[in-house]
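Below: one structure, written as structure tokens.
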Amino acid sequence: MSQSLRKWIRLFLAGPGAVFVSLVIMGGMPLWLPRGAAGVDNLVLPLILVPLIWAALFFHACLDRRLARVAIVAGVLFLVHGGLIAHKFSEPRPAAKESGQ
Amino acid sequence: MSVETCLATGLSVACIMGLALGDPKRLRAAGLKAQPTTARKRIAVTLVALLPGMALALSGDASAFLLWLGACATAGWFTTIWLGNPGQSIGQRRNRRR
Amino acid sequence: MIHLKKDQTKLMIAVHGWAGIMLGLLLYAVVFTGMAAVFAEEIGSWSSGHVESRSAFERPIDSAVRRLAAQTPPKYHEGVDLFEVGDHNLGVFFHRHETDPDGTFVSRGLYYRLNREGTIANTQFGTGEEVFGANNDDALSHFLVDTHVRLHVPNPWGLLLTGIVGLVMLVAAISGLLIHRHLLKDIFTLRRNANPVLVDRDRHSVAGSWSLPFAFILAFTGSFFSFFGTIGVPIVAMAAFGGDIQALNDTVFGNPGRPDPRPAVIGNLDRIAADAIARSKEVPTFVSIENFGRADAKVTSFHPPRDGDIEPVTLLYDGAKGRFIQTKPSIGTQPSTGGTLAAIMAPLHFGNFAGLLSKAVWFALGFAMCYVTITGMRLWLARRGETARSLEWLDRTVAVVAFGLPLALVAAAAGFLVTMPLGSATFWTPTAFLIASAVVSVAGFSLRSAMLAPLLQLATGLLMMALPTVRLAMGGPGWPTAIEAGQPVIAALDLAFVLGGICMIRQGAKARRARTPAAPLSTPVAIA
């Protein structure tokens, strides 16, 4: 793979890729995080952590020398959380009732 | 601000000022001939500066810990600016006295 | 500190530099107004001459709220918000939750602003966002907060913009830590006689190193606030509740108990307020009533943190019986990791957890961050100065924004003080800011670079020194009246403006004597 192409892929993963994957993670996290004592942890923690998740993905994309590893980490996170969201929407459930636990 | 927070912050700020006064790179950069603090002494003073913060954190007083951290950061910055002032030559004077 | 490989360091330097240069000026505007907004409440009291020191919740409010409820359509009794406005007067917002046709979740209803005697001074119908806009007597503090929160860009774009600026600050803080190889060794070193690039570098890195933990905290909490309602809540509500934001709000902020729509007279609010003050040792910052006039009514009072804590205190009462139920977390019905983390985000960002002292520390650290932003941009320009003369316009723009923003804000304060007694402060406060910004921009394009900064500093200093006189001339309370009324903050801010003005004039005069482009930033006081 040429240096120029590698640069563009890294730019994509650090830029729009990191934004998109962090938003999907935020959507998927409420479906697997423990609800905690008050039953709100799974809803509140993704909202709090999203800037840090984005920063982690951004710096990983910038600093990891192995571009394939960056793509695999981002891809797995995207697939797991995207899959959880898709699974949630494939099940017909009452709109106003939280599920996923 | 409780008395404990005041004392803790005062002690740490005093240590930061001490570290700044004897900082070897600062003295070298300013062309001052004062004897810099030895590495061992610097580590000891740094630990003493950090101790009050650790004590506040361990006591569970989040408010006091944040005040201590913020006050130390502000004091450290202002001390560096003050000592970096062209008219400021504390290290030189200290050297002359010796 | 952290040793990266050469190419990684090079990349991080590029990320750090470009992040700053692309959004540095916006970041400076957000941080500078945030620094001033730390004292928004005090600036509000100072500028409007508030001399009432007793909270609205320490005075009788029960009969007034009942009277308002009787004249408000029952459909807006779903929620009632009680809070202080102006000189410790009461604001009451009867509302219900609605979803607009475009899918926006809003609180809509009737907002009553009461005067000191408890009679209606002003009534307004609209959404929460519409009715909580600027008033004549809080236009200045409102302007400051609005600039900081969304740069006056309409929502959600303004919040998204400041959120992105917060992320840029986060990136700059982390990349700054990664590229600084000798963070601790260099933390006391400011070379004065080195070449201009090294001098700028030392100024930038020393201020950045000392304020690094706070840059991280403020960027993280700031971007959390910006993205919370604009992106976070809709996405989490979509994933967990099929898009029902009300259901998410009920789960996160709601109170426990079965719905009981039977009519029931609300308990005595004066007794609830007195009990809440006695329990928390602080007057409420906000009181919210759910299902006013129903058997399942709940009253929640929100208070500043207790001594030694940074998490605000929230007390829950049975509305119909007026009975205390529990001290609850701000979020959720019992303490939890997520609830505690969410509750401390505001005190961490605003620095209001230990009164004026913590606010002063946060103000100083905000100032350090403004200094870091501007010196960083100057460093980036200085490094390219010899090779890229075409960047002269950017150098000039940095000077215009760095020194022009403080001048425009002081002009807005002067505009407020002059027009508040005339009742036109909501118009003239932003207008004065815009006029001053226009004048500064014209000066920026017509004056020589070396003259620009000293001149703007001198003008800012003079205007700052004139503010207390303008305030007194327009009928504001004098020092004896303010101190007697328990508002020493008015005298303290007068003094702060005079002292700040003197510092600015001294710096301006010093820079003028030096007449070199680098001179204006020789000390941090020069930029504020």
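Naming scheme: A, B, ... for chains in displayed order of the structure tokens; residues 1 onward per chain; ligands 1 onward as shown.
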
Please identify every residue of chain B that has at least one atom no more than 10 Å from any atom of chain C, counting only C-alpha atoms, and report them as an MDAnalysis selection string. chainID B and resid 1:2 16:17 19:31 56 59:86

Once you count only C-alpha atoms, what closest atom pair and distance in Å to one decimal does each residue of range 457-516 of chain C within 12 Å of range 47-51 of chain C have, with rows by chain and rising residue number, as a tab-separated table?
```
residue	atom	partner	partner_atom	distance
C:Leu467	CA	C:Ser47	CA	9.6
C:Pro468	CA	C:Ser47	CA	9.4
C:Thr469	CA	C:Ser47	CA	11.9
C:Val470	CA	C:Ser47	CA	10.3
C:Arg471	CA	C:Ser47	CA	7.2
C:Leu472	CA	C:Gly49	CA	9.4
C:Met474	CA	C:Gly49	CA	10.2
C:Gly475	CA	C:Gly49	CA	8.5
C:Gly476	CA	C:Gly49	CA	5.2
C:Pro477	CA	C:Gly49	CA	5.8
C:Gly478	CA	C:Gly49	CA	9.0
C:Trp479	CA	C:Gly49	CA	10.6
C:Pro480	CA	C:Val51	CA	11.1
C:Thr481	CA	C:Val51	CA	7.9
C:Ala482	CA	C:Val51	CA	6.0
C:Ile483	CA	C:Val51	CA	8.8
C:Glu484	CA	C:Val51	CA	8.8
C:Ala485	CA	C:Val51	CA	5.5
C:Gly486	CA	C:Val51	CA	7.3
C:Gln487	CA	C:Val51	CA	6.2
C:Pro488	CA	C:Val51	CA	9.6
C:Val489	CA	C:His50	CA	10.1
C:Ile490	CA	C:Gly49	CA	7.5
C:Ala491	CA	C:Gly49	CA	10.5
C:Leu493	CA	C:Ser47	CA	9.5
C:Asp494	CA	C:Ser47	CA	9.9
```

Taking only C-alpha atoms into account, report as a PyMOL selection string which residues of chain A lie within 9 Å of chain C. chain A and resi 23-24+26-31+36-52+54-55+58-59+62-65+85+88-89+93-100

Looking only at the backbone, which of the residues in chain B does DSSP tag as alpha helix (DSSP H), as a PyMOL selection string? chain B and resi 3-21+24-30+39-58+62-84+90-97

Which residues in range 215-463 of chain C does DSSP call strand (DSSP E or B)? List them as a PyMOL selection string. chain C and resi 263+286-290+294+298-303+313-318+323-328

For Leu11 in chain B: contacts at 8 Å, only C-alpha atoms, fewer than 3 positions along chain excluded, given as a PDB file with N, CA, C and O atoms, in the first residue's frame:
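The resulting file, around_18.pdb, is reproduced below:
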```
ATOM      1  N   LEU B   7      -3.723  25.281  55.269  1.00  0.00           N
ATOM      2  CA  LEU B   7      -2.369  24.843  55.649  1.00  0.00           C
ATOM      3  C   LEU B   7      -1.767  23.944  54.572  1.00  0.00           C
ATOM      4  O   LEU B   7      -0.602  24.088  54.198  1.00  0.00           O
ATOM      5  N   ALA B   8      -2.598  23.010  54.075  1.00  0.00           N
ATOM      6  CA  ALA B   8      -2.123  22.084  53.044  1.00  0.00           C
ATOM      7  C   ALA B   8      -1.676  22.849  51.804  1.00  0.00           C
ATOM      8  O   ALA B   8      -0.594  22.599  51.248  1.00  0.00           O
ATOM      9  N   ALA B  14       4.577  26.707  49.242  1.00  0.00           N
ATOM     10  CA  ALA B  14       5.931  27.026  49.716  1.00  0.00           C
ATOM     11  C   ALA B  14       6.947  26.068  49.077  1.00  0.00           C
ATOM     12  O   ALA B  14       8.033  26.487  48.653  1.00  0.00           O
ATOM     13  N   CYS B  15       6.583  24.792  49.001  1.00  0.00           N
ATOM     14  CA  CYS B  15       7.491  23.813  48.375  1.00  0.00           C
ATOM     15  C   CYS B  15       7.704  24.134  46.894  1.00  0.00           C
ATOM     16  O   CYS B  15       8.826  24.050  46.383  1.00  0.00           O
ATOM     17  N   ALA B  49       5.587  18.391  48.715  1.00  0.00           N
ATOM     18  CA  ALA B  49       4.562  19.236  48.070  1.00  0.00           C
ATOM     19  C   ALA B  49       3.320  18.419  47.738  1.00  0.00           C
ATOM     20  O   ALA B  49       2.195  18.929  47.811  1.00  0.00           O
ATOM     21  N   PRO B  52       0.337  16.883  51.072  1.00  0.00           N
ATOM     22  CA  PRO B  52      -0.933  17.468  51.530  1.00  0.00           C
ATOM     23  C   PRO B  52      -2.102  17.146  50.576  1.00  0.00           C
ATOM     24  O   PRO B  52      -3.206  16.877  51.032  1.00  0.00           O
TER      25      PRO B  52
END
```

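Of the residues listed (A:Val19, A:Leu33, A:Ala56, A:Leu13), A:Leu33 shows the shortest atom-to-atom separation from Leu84 in chain A; distances use only C-alpha atoms.
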
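Put simply, CA of Gly267 in chain C is 28.9 Å away from CA of Glu129 in chain C.
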
Near Ala61 in chain A, within 9 Å and counting only C-alpha atoms, which residues show up once chain neighbours fewer than 4 positions away are dropped, as a list of chain:residue names?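 So, after excluding close chain neighbours, the residues are A:Arg10, A:Leu11, A:Leu13, A:Ala14, A:Gly15, A:Ala18, A:Ala56, A:Leu57, A:Arg65, A:Leu67, A:Val70, A:Ala71, A:Ala74.
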
Residues from the last selection, N, CA, C and O atoms, saved as an mmCIF file, in the first residue's frame:
```cif
data_model
loop_
_atom_site.group_PDB
_atom_site.id
_atom_site.type_symbol
_atom_site.label_atom_id
_atom_site.label_comp_id
_atom_site.auth_asym_id
_atom_site.auth_seq_id
_atom_site.Cartn_x
_atom_site.Cartn_y
_atom_site.Cartn_z
ATOM 1 N N ARG A 10 -5.538 6.631 7.292
ATOM 2 C CA ARG A 10 -5.356 7.055 8.688
ATOM 3 C C ARG A 10 -6.178 8.316 8.969
ATOM 4 O O ARG A 10 -6.829 8.443 10.011
ATOM 5 N N LEU A 11 -6.157 9.220 8.006
ATOM 6 C CA LEU A 11 -6.928 10.472 8.155
ATOM 7 C C LEU A 11 -8.416 10.169 8.276
ATOM 8 O O LEU A 11 -9.127 10.759 9.095
ATOM 9 N N LEU A 13 -9.745 7.321 9.359
ATOM 10 C CA LEU A 13 -10.025 6.642 10.633
ATOM 11 C C LEU A 13 -9.971 7.609 11.814
ATOM 12 O O LEU A 13 -10.758 7.495 12.758
ATOM 13 N N ALA A 14 -9.045 8.571 11.765
ATOM 14 C CA ALA A 14 -8.931 9.537 12.873
ATOM 15 C C ALA A 14 -10.017 10.609 12.802
ATOM 16 O O ALA A 14 -10.434 11.149 13.826
ATOM 17 N N GLY A 15 -10.469 10.917 11.616
ATOM 18 C CA GLY A 15 -11.472 11.982 11.442
ATOM 19 C C GLY A 15 -12.898 11.460 11.493
ATOM 20 O O GLY A 15 -13.415 11.152 12.582
ATOM 21 N N ALA A 18 -13.551 8.071 13.533
ATOM 22 C CA ALA A 18 -13.601 8.128 15.006
ATOM 23 C C ALA A 18 -14.927 8.732 15.484
ATOM 24 O O ALA A 18 -15.516 8.262 16.454
ATOM 25 N N ALA A 56 -9.957 8.670 22.568
ATOM 26 C CA ALA A 56 -9.184 7.424 22.533
ATOM 27 C C ALA A 56 -9.092 6.890 21.099
ATOM 28 O O ALA A 56 -8.015 6.504 20.638
ATOM 29 N N LEU A 57 -10.214 6.904 20.384
ATOM 30 C CA LEU A 57 -10.206 6.417 18.990
ATOM 31 C C LEU A 57 -9.330 7.318 18.114
ATOM 32 O O LEU A 57 -8.581 6.840 17.257
ATOM 33 N N ARG A 65 1.130 2.304 14.877
ATOM 34 C CA ARG A 65 1.881 2.174 13.624
ATOM 35 C C ARG A 65 1.205 1.201 12.666
ATOM 36 O O ARG A 65 1.366 1.307 11.463
ATOM 37 N N LEU A 67 -1.693 0.117 10.828
ATOM 38 C CA LEU A 67 -2.978 0.663 10.369
ATOM 39 C C LEU A 67 -4.074 -0.399 10.413
ATOM 40 O O LEU A 67 -5.236 -0.092 10.730
ATOM 41 N N VAL A 70 -5.644 -0.536 13.794
ATOM 42 C CA VAL A 70 -6.564 0.604 14.012
ATOM 43 C C VAL A 70 -7.912 0.274 13.380
ATOM 44 O O VAL A 70 -8.976 0.441 14.006
ATOM 45 N N ALA A 71 -7.843 -0.224 12.137
ATOM 46 C CA ALA A 71 -9.086 -0.529 11.415
ATOM 47 C C ALA A 71 -9.844 -1.671 12.100
ATOM 48 O O ALA A 71 -11.082 -1.617 12.216
ATOM 49 N N ALA A 74 -11.460 -0.352 15.489
ATOM 50 C CA ALA A 74 -12.626 0.506 15.184
ATOM 51 C C ALA A 74 -13.746 -0.337 14.575
ATOM 52 O O ALA A 74 -14.928 -0.163 14.929
#
```
